[in-house]
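Everything on this sheet refers to the single structure shown next.
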Amino acid sequence: MIGERNRIITIANQKGGVGKTTTAINLATALAAIGERVLIVDLDPQGNASTGLGIERRDRKLSSYDLLVGTHTILDTVQETAVPNLFIVPSTMDLLGIEMEISQQPDRVFRLRRALAGAGAAAFSYILVDCPPSFNLLTMNAMAAAHSVLVPLQCEFFALEGLSQLLETVDQVRRSVNPLLDIQGIVLTMFDSRNNLAQQVVNDVRTHLGEKVYHTLIPRNVRVSEAPSYGKPAILYDLKCAGSQAYLQLASEVIQRERQRKAAA
């Protein structure tokens, strides 16, 4: 079973370019800034979350690959970042071959769950898992290990179509391997207030999903886009920019929802 010592949130969307990794990095940074001890597990072979937090590829001696093959633990693979209270298990290109290596194993979808149940994981109040932009064995491991899924959704024309596919995927995972999996929330990203279509997407998503949609809108923001090239979260790169402020607001919403969930339990 998934433990309650911490909260494990998978950040996923089968569509690329929706701000998934940006959300993982900046939400984690915002949570760390308000005193939470946070771990990011980078499960994307591209390793953008690792790069965006300043972890050079040459410094990734151990990675999430080593967690999934079972040769090392969280304690072995975790690295500090420049953000106080924020740690990461980085990714390497080795993950590209993981499906072939473990696909015949009976526990293939539970490798990450087992790793996060081991020594070291209990030290973190939040564990955010950044997934690749596809539904494969890596994403399946992330959803099998998680309490909930947070979905970044770009404010564009095809947003609802992609969202319905993802919600169906979550239902499949719930039925097959993780009956406790819930939707943490939908966060609308790359919002441009000057674009009528973007506002229409916001209205449509809120109409269909109601309270599942966070109130915070993450705006299109040049400073947020620039930050990863400096190996920094936007909140460190430019705290006062609109994107950074939005992610701080999102972190407050996440904390508030967690309080409500615990109160209702």
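By convention in this document, the chains of the structure tokens carry letters A, B, ... by their order, each chain's residues are numbered from 1, and ligands are numbered from 1 in the order they are shown.
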Shell around Leu43 (chain A) at 10 Å using only C-alpha atoms, local window under 3 positions removed, as a ChimeraX atom specification: /A:40,46-50,63-65,68,89-92,95,112,129-132,138-139,141-142
I need the alpha helix (DSSP H) residues of region 11-254 of chain A per DSSP on the backbone, written as number ranges by chain. A: 20-33, 48-52, 64-69, 74-77, 98-102, 111-116, 137-145, 159-176, 196-209, 222-226, 234-237, 242-254
Straight-line distance linking CA of Leu236 (chain A) with CA of Gln249 (chain A), stated in Å to one decimal: 15.3 Å
Go through A:Phe110, A:Tyr214, A:Phe191, A:Phe87 and flag the residue nearest Asn178 (chain A), using only C-alpha atoms for the distances.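 Of the candidates, the smallest distance to Asn178 (chain A) is held by A:Phe110.
Going from CA of His147 (chain A) to CA of Leu163 (chain A) covers 19.1 Å.
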Could you tell me, as a list in words, which residues of region 61-115 of chain A DSSP assigns to strand (DSSP E or B) when given the backbone? Gln79, Glu80, Leu86, Phe87, Ile88 and Val89 of chain A
Show which residues sit within 8 Å of Met143 (chain A), as a PyMOL selection string. Count only C-alpha atoms, and ignore same-chain residues fewer than 3 positions away. chain A and resi 10+139-140+146-149+170+173+178+181
Find the residue from A:Ala264, A:Leu153, A:Val213, A:Leu180 that sits nearest to Val18 (chain A); use only C-alpha atoms when measuring.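 For Val18 (chain A), the nearest of the given residues is A:Leu153.
Distance-wise, CA of Ile235 (chain A) and CA of Ile218 (chain A) end up 13.0 Å apart.
With only C-alpha atoms as the atoms that count, the residue of A:Arg58, A:Ala117, A:Pro219, A:Ile8 with the shortest distance to Ala28 (chain A) is A:Ile8.
Residues lying within 9 Å of Val205 (chain A), counting only C-alpha atoms and ignoring same-chain neighbours fewer than 6 positions away, are Ala159, Leu160, Ile186, Leu188 and Val213 of chain A.
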Save out the residues we just selected, C-alpha atoms, as a PDB file, in the first residue's frame.
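Result went into out-v3.pdb, see below:
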ATOM      1  CA  ALA A 159      -6.897  21.105 -24.470  1.00  0.00           C
ATOM      2  CA  LEU A 160     -10.177  19.390 -23.565  1.00  0.00           C
ATOM      3  CA  ILE A 186      -6.017  20.689 -13.144  1.00  0.00           C
ATOM      4  CA  LEU A 188      -4.204  25.896 -16.495  1.00  0.00           C
ATOM      5  CA  VAL A 213      -9.579  23.135 -11.627  1.00  0.00           C
TER       6      VAL A 213
END
Smallest atom-to-atom distance to Glu36 (chain A): which of A:Asn85, A:Gln14, A:Thr23, A:Gln154, using only C-alpha atoms?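 Among the listed residues, the smallest separation from Glu36 (chain A) belongs to A:Asn85.
Summary of the local environment: counting only C-alpha atoms, residues at most 9 Å from Thr216 (chain A), other than itself and those fewer than 4 positions away along its chain, are Val187, Leu188, Ala246, Tyr247, Gln249, Leu250 and Glu253 of chain A.
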Those same residues, written as a PDB file, in the first residue's frame with all heavy atoms?
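Below you can see result00.pdb, which holds the result:
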ATOM      1  N   VAL A 187      -4.241  22.331 -13.497  1.00  0.00           N
ATOM      2  CA  VAL A 187      -3.684  23.678 -13.459  1.00  0.00           C
ATOM      3  C   VAL A 187      -3.563  24.187 -14.893  1.00  0.00           C
ATOM      4  O   VAL A 187      -2.960  23.548 -15.748  1.00  0.00           O
ATOM      5  CB  VAL A 187      -2.326  23.729 -12.716  1.00  0.00           C
ATOM      6  CG1 VAL A 187      -1.301  22.778 -13.308  1.00  0.00           C
ATOM      7  CG2 VAL A 187      -1.779  25.154 -12.702  1.00  0.00           C
ATOM      8  N   LEU A 188      -4.185  25.312 -15.152  1.00  0.00           N
ATOM      9  CA  LEU A 188      -4.204  25.896 -16.495  1.00  0.00           C
ATOM     10  C   LEU A 188      -2.948  26.734 -16.697  1.00  0.00           C
ATOM     11  O   LEU A 188      -2.658  27.653 -15.926  1.00  0.00           O
ATOM     12  CB  LEU A 188      -5.464  26.746 -16.669  1.00  0.00           C
ATOM     13  CG  LEU A 188      -6.756  25.909 -16.652  1.00  0.00           C
ATOM     14  CD1 LEU A 188      -7.967  26.778 -16.376  1.00  0.00           C
ATOM     15  CD2 LEU A 188      -6.920  25.146 -17.956  1.00  0.00           C
ATOM     16  N   ALA A 246       2.453  33.439  -9.703  1.00  0.00           N
ATOM     17  CA  ALA A 246       1.371  32.478  -9.942  1.00  0.00           C
ATOM     18  C   ALA A 246       1.707  31.119  -9.323  1.00  0.00           C
ATOM     19  O   ALA A 246       0.834  30.471  -8.722  1.00  0.00           O
ATOM     20  CB  ALA A 246       1.114  32.336 -11.440  1.00  0.00           C
ATOM     21  N   TYR A 247       2.951  30.678  -9.446  1.00  0.00           N
ATOM     22  CA  TYR A 247       3.312  29.385  -8.865  1.00  0.00           C
ATOM     23  C   TYR A 247       3.284  29.414  -7.338  1.00  0.00           C
ATOM     24  O   TYR A 247       2.959  28.409  -6.690  1.00  0.00           O
ATOM     25  CB  TYR A 247       4.671  28.913  -9.393  1.00  0.00           C
ATOM     26  CG  TYR A 247       4.546  28.238 -10.733  1.00  0.00           C
ATOM     27  CD1 TYR A 247       5.087  28.802 -11.878  1.00  0.00           C
ATOM     28  CD2 TYR A 247       3.848  27.040 -10.864  1.00  0.00           C
ATOM     29  CE1 TYR A 247       4.957  28.187 -13.118  1.00  0.00           C
ATOM     30  CE2 TYR A 247       3.702  26.414 -12.099  1.00  0.00           C
ATOM     31  CZ  TYR A 247       4.262  27.000 -13.215  1.00  0.00           C
ATOM     32  OH  TYR A 247       4.112  26.386 -14.441  1.00  0.00           O
ATOM     33  N   GLN A 249       1.104  31.168  -5.675  1.00  0.00           N
ATOM     34  CA  GLN A 249      -0.336  31.059  -5.405  1.00  0.00           C
ATOM     35  C   GLN A 249      -0.808  29.616  -5.574  1.00  0.00           C
ATOM     36  O   GLN A 249      -1.628  29.117  -4.788  1.00  0.00           O
ATOM     37  CB  GLN A 249      -1.106  31.971  -6.354  1.00  0.00           C
ATOM     38  CG  GLN A 249      -0.917  33.451  -6.093  1.00  0.00           C
ATOM     39  CD  GLN A 249      -1.566  34.316  -7.173  1.00  0.00           C
ATOM     40  OE1 GLN A 249      -2.439  33.864  -7.906  1.00  0.00           O
ATOM     41  NE2 GLN A 249      -1.128  35.561  -7.278  1.00  0.00           N
ATOM     42  N   LEU A 250      -0.286  28.941  -6.601  1.00  0.00           N
ATOM     43  CA  LEU A 250      -0.654  27.545  -6.822  1.00  0.00           C
ATOM     44  C   LEU A 250      -0.233  26.685  -5.632  1.00  0.00           C
ATOM     45  O   LEU A 250      -1.001  25.817  -5.182  1.00  0.00           O
ATOM     46  CB  LEU A 250      -0.006  27.025  -8.107  1.00  0.00           C
ATOM     47  CG  LEU A 250      -0.261  25.553  -8.437  1.00  0.00           C
ATOM     48  CD1 LEU A 250      -1.750  25.285  -8.671  1.00  0.00           C
ATOM     49  CD2 LEU A 250       0.558  25.120  -9.657  1.00  0.00           C
ATOM     50  N   GLU A 253      -2.676  26.981  -2.938  1.00  0.00           N
ATOM     51  CA  GLU A 253      -3.890  26.207  -3.232  1.00  0.00           C
ATOM     52  C   GLU A 253      -3.687  24.725  -2.968  1.00  0.00           C
ATOM     53  O   GLU A 253      -4.575  24.048  -2.435  1.00  0.00           O
ATOM     54  CB  GLU A 253      -4.311  26.416  -4.683  1.00  0.00           C
ATOM     55  CG  GLU A 253      -5.111  27.669  -4.935  1.00  0.00           C
ATOM     56  CD  GLU A 253      -5.898  27.589  -6.228  1.00  0.00           C
ATOM     57  OE1 GLU A 253      -6.936  26.891  -6.264  1.00  0.00           O
ATOM     58  OE2 GLU A 253      -5.461  28.200  -7.222  1.00  0.00           O
TER      59      GLU A 253
END
What lies within 12 Å of Val78 (chain A) using only C-alpha atoms, ignoring chain neighbours under 5 positions off, as a VMD selection string? chain A and resid 38 to 42 50 55 59 to 64 66 to 67 72 to 73 86 to 91 115 to 116 119 to 121 123 to 124 127
Would you save the residues of that selection, restricted to N, CA and C atoms, as a short mmCIF file (atom, residue, chain, number, x, y, z; two decimals), in the first residue's frame?
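Written file, result.cif:
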data_model
loop_
_atom_site.label_atom_id
_atom_site.label_comp_id
_atom_site.auth_asym_id
_atom_site.auth_seq_id
_atom_site.Cartn_x
_atom_site.Cartn_y
_atom_site.Cartn_z
N VAL A 38 10.73 18.86 0.13
CA VAL A 38 10.17 18.38 -1.13
C VAL A 38 11.22 17.60 -1.93
N LEU A 39 10.76 16.52 -2.56
CA LEU A 39 11.59 15.73 -3.46
C LEU A 39 10.94 15.67 -4.84
N ILE A 40 11.71 15.94 -5.87
CA ILE A 40 11.27 15.68 -7.24
C ILE A 40 11.94 14.39 -7.71
N VAL A 41 11.14 13.50 -8.27
CA VAL A 41 11.68 12.31 -8.94
C VAL A 41 11.52 12.55 -10.44
N ASP A 42 12.62 12.70 -11.13
CA ASP A 42 12.60 12.98 -12.57
C ASP A 42 12.52 11.65 -13.32
N SER A 50 15.79 17.92 -14.07
CA SER A 50 17.14 17.90 -13.49
C SER A 50 17.96 19.08 -14.00
N ILE A 55 21.26 20.58 -12.17
CA ILE A 55 22.03 19.34 -12.01
C ILE A 55 22.66 18.97 -13.35
N ASP A 59 27.11 15.14 -13.40
CA ASP A 59 26.97 14.95 -11.95
C ASP A 59 25.88 13.95 -11.58
N ARG A 60 25.24 13.38 -12.57
CA ARG A 60 24.14 12.44 -12.30
C ARG A 60 24.71 11.01 -12.28
N LYS A 61 25.48 10.74 -11.24
CA LYS A 61 26.14 9.42 -11.13
C LYS A 61 25.10 8.32 -10.93
N LEU A 62 24.08 8.61 -10.13
CA LEU A 62 22.97 7.69 -9.93
C LEU A 62 21.69 8.45 -10.27
N SER A 63 20.65 7.72 -10.67
CA SER A 63 19.46 8.39 -11.18
C SER A 63 18.21 7.57 -10.89
N SER A 64 17.09 8.05 -11.41
CA SER A 64 15.83 7.33 -11.24
C SER A 64 15.88 5.97 -11.93
N ASP A 66 18.32 3.90 -11.65
CA ASP A 66 18.84 2.99 -10.62
C ASP A 66 17.77 2.64 -9.59
N LEU A 67 16.85 3.57 -9.34
CA LEU A 67 15.72 3.26 -8.46
C LEU A 67 14.84 2.18 -9.07
N HIS A 72 19.65 0.62 -6.34
CA HIS A 72 19.94 1.67 -5.36
C HIS A 72 18.64 2.22 -4.79
N THR A 73 18.76 2.91 -3.65
CA THR A 73 17.59 3.43 -2.94
C THR A 73 17.50 4.95 -3.10
N LEU A 86 14.66 21.56 -1.10
CA LEU A 86 14.27 20.90 -2.34
C LEU A 86 15.38 19.97 -2.82
N PHE A 87 15.00 18.70 -3.06
CA PHE A 87 15.94 17.67 -3.48
C PHE A 87 15.41 17.02 -4.74
N ILE A 88 16.29 16.31 -5.45
CA ILE A 88 15.87 15.65 -6.69
C ILE A 88 16.57 14.32 -6.86
N VAL A 89 15.82 13.36 -7.39
CA VAL A 89 16.43 12.15 -7.96
C VAL A 89 16.48 12.42 -9.46
N PRO A 90 17.67 12.66 -10.01
CA PRO A 90 17.76 13.10 -11.40
C PRO A 90 17.48 11.98 -12.39
N SER A 91 17.36 12.40 -13.64
CA SER A 91 17.10 11.45 -14.73
C SER A 91 18.32 11.39 -15.64
N ALA A 115 10.23 1.65 -4.31
CA ALA A 115 11.37 2.52 -3.98
C ALA A 115 10.94 3.64 -3.02
N LEU A 116 9.74 4.18 -3.23
CA LEU A 116 9.28 5.28 -2.38
C LEU A 116 8.76 4.80 -1.03
N ALA A 119 13.66 3.21 2.63
CA ALA A 119 14.37 4.18 3.48
C ALA A 119 14.63 5.47 2.71
N GLY A 120 14.42 6.58 3.38
CA GLY A 120 14.73 7.88 2.80
C GLY A 120 13.53 8.68 2.36
N ALA A 121 12.53 8.02 1.82
CA ALA A 121 11.38 8.75 1.28
C ALA A 121 10.57 9.45 2.37
N ALA A 123 11.46 11.18 4.69
CA ALA A 123 12.02 12.47 5.09
C ALA A 123 11.36 13.65 4.37
N PHE A 124 10.53 13.35 3.35
CA PHE A 124 9.94 14.41 2.53
C PHE A 124 8.44 14.49 2.76
N ILE A 127 6.41 14.53 -2.43
CA ILE A 127 7.23 13.95 -3.50
C ILE A 127 6.48 14.19 -4.81
#
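Closest approach to Gly243 (chain A) from the set A:Ala145, A:Ala122, A:Leu27, A:Leu53 is made by A:Leu27, with distances taken over only C-alpha atoms.
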Of the candidates A:Lys262, A:Met100, A:Tyr230, A:Pro84, which one gets nearest to Arg7 (chain A) if we count only C-alpha atoms?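 So, comparing all the options, the nearest one is A:Lys262.
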Do you know which residues are at most 12 Å from Glu226 (chain A) counting only C-alpha atoms, after dropping those on the same chain fewer than 5 positions away, and could you put them as a PyMOL selection string? chain A and resi 22+52+220-221+231-238+241+243
